[in-house]
Each structure stands twice: as C-alpha cells, then as structure tokens.
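Written below as structure tokens is the structure these notes are about.
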Amino acid sequence: MDKQVEAHFDVLVIGGGAAGLSAALAAVESGARVAVMGKTYPTRSQTSMAQGGINAALGHMGDGDTVQKHIADTLRSSKTLGSEAAIRRLCEGAPTAIAWLDGLGVPFSRLEDGRIAQRRLGGASGRRACYAQDYTGLKLLHTLYDAALKAGVTFLDEYFLLNFIVENKRALGATAIEMRSGRTVAFGANAVVAATGGYAGLYRGFTTNATTTTGDGTAAALRAGCRLKDLEFVQFHPTALKGSGVLISESARGAGGRLVNGKGESFVDELATRDEIARAIWEQMEAGEEVFLDIRHLGEAFIDEELPQERKLAIFYEGVDPARDLIPVKPVAHYTMGGIAVDGNHMSDVAGLFACGECANAEVHGANRLGGNALLETVVFGREAGANAVVFARQNPASAKGHPQIMKDSAFVRAVFDFPNRIDFYEKRAFLGKIFYHNAGIVRSETGLKGVLSALRQMQSELAFMGVADKSAVYNTNLTEFVEFGNMLELAEALLVCALHRPETRGAHQRAEFTKENPDFDGVHSLSWKEEGTLCNEMKGLK
Amino acid sequence: MKITIRRYHAERTPQTVEQTWEIEEGVTLLEALTAIKSGKDPSLTFRSGCRSGVCGSCAVRVNGKEVLACAYKPKEGDVVEPLRYAKVLKDLVVDQKPAFETLTRAKAWLADPKADQPVSPEEEKRTETQTDCILCHSCYSACPVLETNPAFLGPFALTRVWRYTADPREGFAKSKMEAIQQDGVWDCTLCGECTAVCPQGIDPKNDIMLLRARSGQAGYQDPHMADFGSFGLDF
C-alpha cells in the first residue's frame with residue numbers, strides 16, 4: 001500500500017552521520033521514540049571521511065588554550081558572518097561534548113598521562129583538535145552508531161528522502177523511497193530533525209566528498225518552505241589528487257611539503273589559509289600551469305613514518321610515488337558552509353523541522369570554516385537539536401495520516417518511470433560538475449556565473465525529457481540518482497543567485513572582479529526561499 | 001580490457017546472468033562500474049560512497065576474493081560477484097541488514113562506562129587496528145562458518161566486542177562475554193579467511209582467540225568440549 005503512513009515516531013531524524021546520531025542519542029536519552037532514516041547505512045555517511053579532528057579548548061596541552069580563544073578564532077574566521085552567541089554555545093559546549101564522546105568509548109589518541117591528546121589545525125591559536133590518528137570521523141561515527149544501537153534507536157536504513165511532509169508551516173514527517181522494494185512510503189513524526197549533510201556533491205568530479213553528498217535534505221527543506229542561508233560559501237581544499245579528487249591531507253604541507261608549478265617555481269606560502277592557497281593554485285591553473293605538491297625532499301624514511309597514507313593514496317589513485325615524483329594536485333570542493341537557516345533552538349522556518357550538522361546554517365562557520373569545527377558542530381548542535389526536538393514533540397503531537405504529500409510523491413515516482421529518457425542525466429550531471437567548478441568554484445566572475453545560470457535553467461527545463469533507463473522497482477539507484485540530480489539542480493540555481501548577489505571577496509567566496517571585502521556586506525547574509533515554486537533571494541541587512 | 005559481472009534480478013529470467021564489459025585500463029573497479037552505469041547500462045546496480053576506502057560501501061568479490069571496489073584495479077578476465085551469506089537484492093547489492101544486526105546481538109558497545117577513566121597511549125594502541133574497521137562486511141562474506149551456521153555472529157561483530165572488552169573505560173567487561181557464547185566465539189574454526197581479506201589489516205581470528213581466553217576466565221567453556229564428554233576416571 002503506497003498511501004499509508006508506515007510508522008509514527010516522536011522524533012524522526014533524517015541522516016545517520018555524526019549529527020543525526022548525536023541528535024538521536026540526545027532524543028532517546030529523554031525517553032522518546034526515535035528513528036534514524038537514511039539513504040545509506042549510518043556508518044557509510046560523509047562523517048567517515050573526516051580526518052583532522054574535533055576542536056575543544058580542554059586547556060591541558062600547556063599552551064594556554066581557552067574557550068575564549070576558541071571563540072575568537074572561530075569568530076575571526078567567519079568574517080562577520082558568524083553569530084557570536086552561536087559560536088559561544090558551540091565552543092563552551094565543546095569540552096562537555098568531548099567528555100560525552102569519551103564516555104561512549106571513542107578511541108581518541110592519548111597523552112602519556114592518559115588524557116586526550118590534541119593537535120594544532122590551521123587557524124587555531126593552540127593545540128585544540130582531539131583526534132584518533134587520521135581516522136577521527138570514522139572512529140567517532142562508528143562509536144556513535146554502536147551507542148545508538150545500545151540505546152535502542154530504530155534504524156530505517158536505505159530509505160531515500162523525497163520530501164518533508166508539511167502542513168501550515170508545520171512538519172509532520174517525511175516521504176521516502178524504500179530502496180529494497182521501490183515503494184514510496186511515509187513516516188510520521190511529532191518532530192523531524194534534518195541531518196542530511198552538505199552539497200559539495202554539486203561539484204561532481206571536483207570534490208573530496210562522497211558520491212552521496214548531494215544536499216537532498218537541503219533541497220527538500222527549500223521545497224518545504226524553509227529559507228536557506230549563505231549558500232554561496234563553499235570551502236575548497238587546496239590539495240586533492242588531480243585525477244580523482246581524493247584528498248591529500250594538510251599534514252603534507254604542515255610537514256614541509258612545497259607547492260610548485262610546472263616550471264618548478266614556488267608561488268604561495270604553503271601555510272597560508274585554505275582559501276588563499278586555493279586561489280593561488282587556481283590562478284596558476286588559469287595561467288595554463290600545472291600545480292604539484294613536492295614532498296621528495298622530506299626523504300623516503302620520513303614519508304613512510306609521517307605520511308604513509310598520503311604515499312599510498314598517491315601511488316594507487318594517481319600513479320605517482322611521492323618519494324620520487326611530484327604529486328599533481330588541484331583544489332576541490334570540500335565543505336559547504338551554507339544550509340538550512342535555523343534559529344537558536346536549531347529549528348527552521350517550518351515548525352517542528354530542526355536541522356543540524358553540515359545541512360544547517362547555524363552561523364558558526366560564516367564565510368570560512370576552521371578545521372575541527374565541523375565535527376564539533378555535528379556533536380554539540382546535533383545533541384541540542386535532538387533534545388529540543390523532544391521538547392517540541394511532547395508539546396505538539398501530530399499525524400501525517402492521509403496527507404496529500406504521500407500521494408503526490410508516490411505519483412511523482414511513478415511518473416518518473418514514464419519520463420522519455422531522451423536526454424542522459426548522467427552526462428548532464430558530469431557537465432554540471434565541470435561548469436560549476438570552472439565558473440562557480442574557487443574564483444567566480446559575473447559572466448561565468450551568469451553563463452552557468454543559463455545552462456542550468458536549460459537543464460531544469462529539460463528535466464522532464466530526462467528520466468531513467470532502469471524501470472525496475474527493487475534497489476533502483478538509477479532512480480535515486482535521478483532524484484539526487486533534481487535536488488542538485490534546485491540548490492545549484494540558488495547558489496548561483498547568491499554568488500551573483502555578493503559582489504565581493506569574503507572568505508571562501510571569491511569574486512574575480514571584486515578582490516576585497518566590501519564593508520557594506522559585513523554581517524549581510526544571503527537568504528534563498530521559494531514562493532509558489534519560484535526561487536527568491538534577499539541579501540539580508542544590506543543597506 | 002574485459003571483466004565479467006555476475007548480475008542478479010529477481011524479476012528476470014534467468015535471474016542470474018554473466019555479462020562481459022570492456023573497461024578502461026588503470027582505473028579502479030569502482031570507476032569502471034560507475035563508467036558502465038553512467039555510459040552504457042544505467043541499470044547496473046552497486047553501492048558506492050567515499051571512493052577512497054573508508055566508508056565501507058563498495059565491497060564485492062573478485063575471482064572469489066573480497067575487495068573494496070574503490071581500492072582494487074581490475075585485471076583482464078576478472079569475475080565480479082556480490083558478497084556471500086546475504087540475500088542478493090540486485091546485481092552487486094546484497095541485503096546487509098542481518099549482518100549489521102550481529103552488532104546488536106553481540107552487544108558490541110561500551111556496556112558500563114567508567115567516568116573520567118584515563119587511557120594510556122599503550123591501552124589505546126592495543127585496539128587501534130580494531131577501531132579502524134569500516135564495516136565493509138568483507139570478513140563476513142569470507143567466513144566459511146556462515147555457510148553452515150547462518151546464526152554465527154561472524155568476524156566483525158566479534159572484533160568489535162573485543163575492542164570494547166579491552167577498553168579500560170569498560171566497567172563491566174565480564175558481562176560482555178555472555179552475549180558471545182551462543183553462535184559466537186566457540187563456533188569460529190580459526191581458519192583465518194577473515195584476516196586474509198580485511199582491507200584494514202584487522203585480524204578477527206586473533207580477537208576471537210582473545211575473547212575465548214576472556215570467556216574462560218569468566219567461567220564459560222567451549223560447549224563442543226563439554227559435548228564430547230569427559231576424559232575422567234571411566235575412560
């Protein structure tokens with residue numbers, strides 16, 4: 001039966017990464033009936049790829065790090081687009097979050113005296129990042145998953161989100177494709193938490209992110225009537241392998257690695273911030289130069305001891321041995337600062353729809369995220385969002401029964417099978433990634449952005465001539481990838497409009513014609529929303 | 001270069017077919033599968049995620065051995081199949097739910113955390129490799145015990161139980177032994193197939209031996225030995 005609500009929960013969390021699991025654990029601790037729904041199994045989430053660490057001013061590394069300094073560093077890096085109140089909550093909550101994770105059994109790397117070890121990441125005034133070798137995200141995610149199994153969280157694995165069910169600006173649940181059967185189903189909930197990850201997957205072929213990071217929840221929130229904030233801010237990681245986009249960790253530069261062009265010339269300070277290095281590499285590439293990371297002078301023994309992972313990745317994915325060869329690199333999309341606008345309680349414009357983690361914009365990263373603050377946000381704000389969702393759920397019981405969204409979405413899925421499939425969306429997806437990288441990537445110009453926007457609108461109008469070749473019900477990834485592509489187009493348009501409306505360079509948003517920060521845009525946030533299906537934009541606070 | 005993919009589709013006759021595809025040389029198996037899907041046959045079905053060996057989505061079997069598709073470069077004539085001991089849903093995608101449920105059955109978590117317990121670097125290193133597990137299910141597919149006993153908890157769940165048992169933050173390590181007696185540590189044949197296929201270099205066989213020793217200390221014994229009877233005075 002397509003039209004029924006499968007089950008009802010107090011809190012339905014969508015996305016099983018660190019943010020979703022933190023939210024679910026906080027909610028289940030207060031006795032709520034909680035489910036985590038996701039298009040993959042939780043341990044396959046984007047969180048698994050986080051390497052660097054999770055920030056907390058624990059103050060026991062002897063370098064005088066304090067919560068105050070953590071706040072100041074984060075605020076400075078946000079370039080006026082961070083909220084001091086939100087950043088304060090994040091940084092003040094950090095030591096408690098680490099203690100909580102420690103109690104769940106996260107295998108943090110340790111100091112001799114048994115306390116948690118910390119290392120320094122870019123932009124931090126002290127050794128502040130707790131880590132678990134180069135597998136911080138992986139080990140954090142898996143430990144959260146184990147804890148959620150222990151706590152009795154219900155897992156709805158491999159359910160692909162279609163839409164939030166909303167009535168009168170109030171969330172009642174979500175619709176999804178049950179991938180194993182192909183059925184369109186609905187889950188009801190008194191409160192919904194979106195923890196659906198970022199949208200760096202828009203830059204397909206030019207991103208460190210997993211193939212699954214396509215911003216489905218952010219796009220669904222836009223359709224549901226939420227405002228999205230600061231979508232134009234996309235962080236590029238300076239050194240990914242040129243061919244595959246696989247990340248070469250910052251530790252390679254930290255250890256003394258040099259960036260050189262094809263002539264062997266040095267062109268940038270290797271220890272500058274990510275946005276500065278990315279731009280410098282981009283300018284070399286635009287001038288027709290290839291760019292390489294050179295760590296040969298560090299010596300084979302050192303490389304094997306300190307950078308074994310980097311050597312392995314370069315040999316396997318790029319076919320070069322860093323002990324002997326230059327490593328071809330390019331900057332690629334790594335993290336998206338923009339997302340669903342939320343209030344201080346992590347609630348979106350739709351009552352009962354909360355958002356946390358990379359899909360949300362809680363005004364903590366602003367124009368440029370600091371390393372170690374993303375994992376921190378998933379845990380601190382994930383837990384807050386989960387706890388707030390329970391409070392909301394108790395006060396506002398709801399039912400999604402008979403809601404038209406369920407029939408609408410199941411009709412949509414059936415209709416997709418009848419789409420003519422005359423235009424290949426995989427080709428368009430690859431094309432979108434390429435034009436986005438070149439024109440809406442590291443450095444953006446008005447002509448470039450407008451060109452992409454017109455190509456994009458063309459693709460939107462062609463969507464009904466695309467479709468799926470696989471007409472079967474069971475585990476149809478051709479179908480789910482087509483829906484992902486639709487989500488990508490929706491977000492791509494909004495991102496481009498925001499980027500056009502910000503004629504300045506601020507943090508990760510760099511315009512070719514406007515190379516400096518424009519004080520008129522201090523504290524000005526871009527907002528995107530839909531009215532009757534039409535995209536609207538406002539630069540909030542611009543005089 | 002050509003590879004063969006064993007495909008399964010419940011609604012087709014025959015349900016299982018072998019298809020040979022021409023692929024580019026030098027690419028990973030995952031890149032080859034993605035190229036087939038996006039360029040030649042969009043119905044080819046497989047899981048993928050990080051493309052760099054850390055999310056555990058894309059494990060398949062090549063010539064009878066488990067590999068991560070993103071961390072393997074195909075050779076001429078390779079035969080690609082789905083993982084074993086799980087129902088095939090479609091092509092290279094198997095139903096992994098029952099295998100994931102072994103984690104719950106084995107209670108692979110910190111049962112009774114001690115607050116503010118220091119952990120020395122040596123204690124942390126003791127299970128560093130075990131905590132590298134990406135839950136790709138390669139070991140599960142390689143384990144011959146599952147062929148005869150589908151209820152066996154399997155390698156990755158037991159490795160994870162050892163990880164938490166050995167953790168100094170576990171306040172009640174003895175309790176962990178109870179959940180792994182039935183269809184658990186004693187059912188392993190110590191063949192080492194799991195260890196041979198782990199992409200992260202984990203040795204579940206060794207973890208299971210350590211859990212046997214802990215089980216013995218906790219007063220449990222190998223039920224197979226008990227069944228055998230005793231070499232007592234009557235012998």
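Residue numbering restarts at 1 for every chain of the structure tokens, chains are lettered A, B, ... in their displayed order, and ligands are numbered from 1 as they appear.
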Counting only C-alpha atoms, which residues in chain B sit no more than 6 Å from chain A? For each one, give the nearest pair of atoms and the distance in Å, sorted by chain then residue number, as a tab-separated table.
```
residue	atom	partner	partner_atom	distance
B:Ser38	CA	A:Tyr426	CA	5.5
B:Pro42	CA	A:Asn478	CA	5.9
B:Ser43	CA	A:Asp470	CA	4.8
B:Gly49	CA	A:Ala210	CA	4.8
B:Cys50	CA	A:Ala210	CA	4.0
B:Cys55	CA	A:Arg44	CA	4.6
B:Trp109	CA	A:Asp146	CA	5.4
B:Pro113	CA	A:Gly103	CA	5.8
B:Pro118	CA	A:Gly114	CA	4.4
B:Val119	CA	A:Gly114	CA	4.4
B:Ser120	CA	A:Gly114	CA	4.2
B:Pro121	CA	A:Arg110	CA	5.0
```
Can you write out the residues you just picked, keeping N, CA, C and O atoms, as a tab-separated table (two decimals), in the first residue's frame?
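Ended up saving to again-v9.tsv:
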```tsv
chain	number	residue	atom	x	y	z
B	38	SER	N	26.98	4.96	-15.91
B	38	SER	CA	26.62	6.28	-16.44
B	38	SER	C	26.78	6.36	-17.95
B	38	SER	O	26.27	7.31	-18.55
B	42	PRO	N	22.54	1.99	-17.36
B	42	PRO	CA	22.17	2.63	-16.09
B	42	PRO	C	21.51	1.68	-15.08
B	42	PRO	O	21.33	2.06	-13.93
B	43	SER	N	21.17	0.46	-15.52
B	43	SER	CA	20.54	-0.44	-14.56
B	43	SER	C	21.55	-1.23	-13.73
B	43	SER	O	21.18	-1.90	-12.77
B	49	GLY	N	30.41	5.11	-2.17
B	49	GLY	CA	30.38	6.26	-1.27
B	49	GLY	C	31.61	7.11	-1.43
B	49	GLY	O	31.73	7.90	-2.37
B	50	CYS	N	32.61	6.88	-0.57
B	50	CYS	CA	33.73	7.81	-0.43
B	50	CYS	C	34.76	7.72	-1.54
B	50	CYS	O	35.55	8.62	-1.72
B	55	CYS	N	34.57	4.36	3.72
B	55	CYS	CA	33.14	4.31	4.09
B	55	CYS	C	32.60	2.87	4.11
B	55	CYS	O	31.57	2.60	4.70
B	109	TRP	N	29.23	-2.80	22.26
B	109	TRP	CA	29.27	-1.41	22.70
B	109	TRP	C	29.86	-1.36	24.10
B	109	TRP	O	30.10	-2.41	24.71
B	113	PRO	N	30.21	2.38	31.11
B	113	PRO	CA	31.39	3.27	31.05
B	113	PRO	C	31.83	3.77	32.41
B	113	PRO	O	31.00	4.15	33.24
B	118	PRO	N	41.31	7.50	32.77
B	118	PRO	CA	42.43	7.77	31.86
B	118	PRO	C	42.69	6.54	30.99
B	118	PRO	O	42.45	5.41	31.42
B	119	VAL	N	43.15	6.78	29.77
B	119	VAL	CA	43.51	5.70	28.86
B	119	VAL	C	44.93	5.97	28.41
B	119	VAL	O	45.19	7.03	27.82
B	120	SER	N	45.84	5.08	28.69
B	120	SER	CA	47.24	5.34	28.32
B	120	SER	C	47.40	5.14	26.82
B	120	SER	O	46.60	4.43	26.19
B	121	PRO	N	48.44	5.75	26.22
B	121	PRO	CA	48.67	5.55	24.78
B	121	PRO	C	48.80	4.06	24.45
B	121	PRO	O	48.32	3.61	23.40
```
Would you pick out the contacts of segment 178-193 of chain B at 6 Å or less, using only C-alpha atoms, so that residues sharing its chain but fewer than 5 positions from it are not included, and give the list as a PDB file with N, CA, C and O atoms, in the first residue's frame?
```pdb
ATOM      1  N   ALA B 106      25.488  -9.169  19.439  1.00  0.00           N
ATOM      2  CA  ALA B 106      26.741  -9.364  20.180  1.00  0.00           C
ATOM      3  C   ALA B 106      26.955  -8.296  21.257  1.00  0.00           C
ATOM      4  O   ALA B 106      27.919  -8.355  22.005  1.00  0.00           O
ATOM      5  N   ALA B 142      33.624 -13.750   3.739  1.00  0.00           N
ATOM      6  CA  ALA B 142      34.713 -14.728   3.582  1.00  0.00           C
ATOM      7  C   ALA B 142      34.632 -15.858   4.602  1.00  0.00           C
ATOM      8  O   ALA B 142      35.362 -16.840   4.495  1.00  0.00           O
ATOM      9  N   PHE B 152      25.691 -17.593  13.130  1.00  0.00           N
ATOM     10  CA  PHE B 152      27.014 -17.237  13.673  1.00  0.00           C
ATOM     11  C   PHE B 152      27.187 -15.715  13.684  1.00  0.00           C
ATOM     12  O   PHE B 152      26.852 -15.037  12.716  1.00  0.00           O
ATOM     13  N   LEU B 153      27.703 -15.184  14.781  1.00  0.00           N
ATOM     14  CA  LEU B 153      27.855 -13.734  14.910  1.00  0.00           C
ATOM     15  C   LEU B 153      28.846 -13.169  13.891  1.00  0.00           C
ATOM     16  O   LEU B 153      28.746 -12.004  13.488  1.00  0.00           O
ATOM     17  N   LYS B 205      40.436 -13.234  13.711  1.00  0.00           N
ATOM     18  CA  LYS B 205      40.743 -14.545  14.279  1.00  0.00           C
ATOM     19  C   LYS B 205      41.448 -14.387  15.626  1.00  0.00           C
ATOM     20  O   LYS B 205      41.091 -15.035  16.607  1.00  0.00           O
ATOM     21  N   ILE B 208      39.122 -13.177  18.308  1.00  0.00           N
ATOM     22  CA  ILE B 208      38.239 -14.245  18.781  1.00  0.00           C
ATOM     23  C   ILE B 208      38.987 -15.141  19.783  1.00  0.00           C
ATOM     24  O   ILE B 208      38.434 -15.547  20.812  1.00  0.00           O
ATOM     25  N   ASP B 222      34.135 -24.011  26.325  1.00  0.00           N
ATOM     26  CA  ASP B 222      33.796 -24.412  24.968  1.00  0.00           C
ATOM     27  C   ASP B 222      32.721 -25.497  25.012  1.00  0.00           C
ATOM     28  O   ASP B 222      32.971 -26.600  25.492  1.00  0.00           O
TER      29      ASP B 222
END
```
Exercise. Given the choices A:Val452, A:Leu376, A:Ala124, A:Met539, which gets closest to Ser22 of chain A if the distance is worked out from only C-alpha atoms?
Worked result: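 Smallest separation from Ser22 of chain A among the options: A:Leu376.
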For this session: Just the residues within 9 Å of segment 76-83 of chain B, please, counting only C-alpha atoms, with nothing from its chain fewer than 4 positions along; format it as a list in words.
Result: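 These residues fall inside the cut-off: Met1, Lys2, Ile3, Thr4, Ile5, Arg6, Arg7, Glu18, Thr20, Phe46, Ala59, Val60, Arg61, Val62, Asn63, Gly64, Glu66, Val88, Asp91, Leu92, Val93, Val94, His137, Ser138, Tyr140, Ser141 and Ala142 of chain B.
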For this session: Rounded to one decimal place, report the atom CA of Ala499 of chain A-atom CA of Gly441 of chain A distance in Å.
Result: 10.1 Å
In segment 3-234 of chain A, what's strand (DSSP E) per DSSP? Answer as a short mmCIF file (atom, residue, chain, number, x, y, z; two decimals) with C-alpha atoms, in the first residue's frame?
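And here is the file that came out, result_26.cif:
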```
data_model
loop_
_atom_site.label_atom_id
_atom_site.label_comp_id
_atom_site.auth_asym_id
_atom_site.auth_seq_id
_atom_site.Cartn_x
_atom_site.Cartn_y
_atom_site.Cartn_z
CA VAL A 5 1.95 6.05 6.97
CA GLU A 6 4.33 3.20 7.81
CA ALA A 7 5.04 4.22 11.38
CA HIS A 8 4.92 7.22 13.69
CA PHE A 9 7.76 8.42 15.91
CA ASP A 10 8.20 11.15 18.47
CA VAL A 11 11.33 12.23 16.64
CA LEU A 12 12.33 11.27 13.10
CA VAL A 13 15.98 12.03 12.35
CA ILE A 14 16.96 12.05 8.69
CA VAL A 34 13.30 7.86 17.89
CA ALA A 35 14.09 6.67 14.38
CA VAL A 36 17.05 7.48 12.14
CA MET A 37 16.28 7.25 8.45
CA GLY A 38 18.97 7.43 5.77
CA ILE A 54 37.30 17.80 16.71
CA ASN A 55 38.02 21.08 18.47
CA GLN A 118 45.33 17.38 20.88
CA ARG A 119 46.97 18.82 17.80
CA ALA A 129 41.82 19.35 17.98
CA CYS A 130 41.18 15.97 19.61
CA THR A 154 15.18 2.45 15.39
CA PHE A 155 17.13 2.44 12.15
CA LEU A 156 15.39 2.90 8.81
CA ASP A 157 18.36 2.15 6.58
CA TYR A 159 15.27 4.89 2.71
CA PHE A 160 15.82 7.70 0.23
CA LEU A 161 14.26 11.01 1.38
CA LEU A 162 11.85 12.58 -1.09
CA ASN A 163 10.10 15.37 0.85
CA PHE A 164 9.23 16.62 4.27
CA ILE A 165 5.51 16.38 4.98
CA VAL A 166 4.41 19.89 5.91
CA GLU A 167 1.05 21.42 6.69
CA ARG A 170 4.42 22.59 10.44
CA ALA A 171 6.44 19.38 9.84
CA LEU A 172 4.54 16.10 10.21
CA GLY A 173 7.06 13.58 8.87
CA ALA A 174 8.76 12.66 5.63
CA THR A 175 8.23 10.66 2.46
CA ALA A 176 10.86 8.32 1.08
CA ILE A 177 11.63 5.58 -1.39
CA GLU A 178 12.15 2.25 0.38
CA ARG A 183 7.79 1.54 -2.64
CA THR A 184 7.09 5.18 -1.83
CA VAL A 185 6.46 5.33 1.90
CA ALA A 186 5.78 7.91 4.59
CA PHE A 187 6.88 8.13 8.20
CA GLY A 188 5.03 10.39 10.60
CA ALA A 189 6.66 12.26 13.46
CA ASN A 190 5.89 14.94 16.02
CA ALA A 191 9.26 16.48 15.24
CA VAL A 192 11.72 15.97 12.38
CA VAL A 193 15.49 16.58 12.52
CA ALA A 194 17.30 17.07 9.21
CA LEU A 228 18.44 28.65 3.15
CA LYS A 229 21.30 30.85 4.30
CA VAL A 234 31.80 26.62 -0.36
#
```
For segment 384-446 of chain A versus segment 510-528 of chain A, which residues have an atom no more than 9 Å away, and what is each residue's nearest atom pair and distance in Å rounded to one decimal, using only C-alpha atoms, chain-then-number order, as JSON lines?
```
{"residue": "A:Gly441", "atom": "CA", "partner": "A:Gln510", "partner_atom": "CA", "distance": 8.6}
{"residue": "A:Ile442", "atom": "CA", "partner": "A:Gln510", "partner_atom": "CA", "distance": 6.5}
{"residue": "A:Val443", "atom": "CA", "partner": "A:Gln510", "partner_atom": "CA", "distance": 5.0}
{"residue": "A:Arg444", "atom": "CA", "partner": "A:Arg511", "partner_atom": "CA", "distance": 4.7}
{"residue": "A:Ser445", "atom": "CA", "partner": "A:Ala512", "partner_atom": "CA", "distance": 5.1}
{"residue": "A:Glu446", "atom": "CA", "partner": "A:Glu513", "partner_atom": "CA", "distance": 8.0}
```
Just write the chosen residues, C-alpha atoms, as a PDB file, in the first residue's frame.
```pdb
ATOM      1  CA  GLY A 441      34.123  27.414  -7.895  1.00  0.00           C
ATOM      2  CA  ILE A 442      37.187  28.969  -6.312  1.00  0.00           C
ATOM      3  CA  VAL A 443      37.073  32.307  -8.162  1.00  0.00           C
ATOM      4  CA  ARG A 444      33.790  33.476  -9.655  1.00  0.00           C
ATOM      5  CA  SER A 445      33.056  36.198 -12.194  1.00  0.00           C
ATOM      6  CA  GLU A 446      29.730  37.698 -13.125  1.00  0.00           C
TER       7      GLU A 446
END
```
Exercise. What is the atom CA of Pro74 of chain B to atom CA of His237 of chain A distance in Å?
Worked result: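 One can read the atom CA of Pro74 of chain B to atom CA of His237 of chain A distance as 29.6 Å.
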Problem set entry | Spatial neighbours of Cys359 of chain A, max dist 8 Å, only C-alpha atoms, sep filter under 3 positions, as a list in words |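 Surrounding residues, per the criterion: Ala194, Ala195, Thr196, Gly197, Gly198, Tyr199, Gly215, Gly217, Thr218, Gly338, Gly339, Ile340, Ala355 and Cys356 of chain A.
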For this session: Find the spatial neighbours of Leu121 of chain A, counting only C-alpha atoms, within a cut-off of 12 Å - ignore same-chain residues fewer than 4 positions away - and output them as a list in words.
Result: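 Using only C-alpha atoms, the neighbours found are Gln51, Gly52, Gly53, Ile54, Asn55, Ala56, His70, Asp73, Ser125, Gly126, Arg127, Arg128, Ala129, Cys130, Tyr131, Ser249, Glu250, Ser251, Arg253, Gly254, Leu271, Ala272, Thr273, Arg274, Arg369, Leu370, Gly371, Gly372 and Asn373 of chain A.
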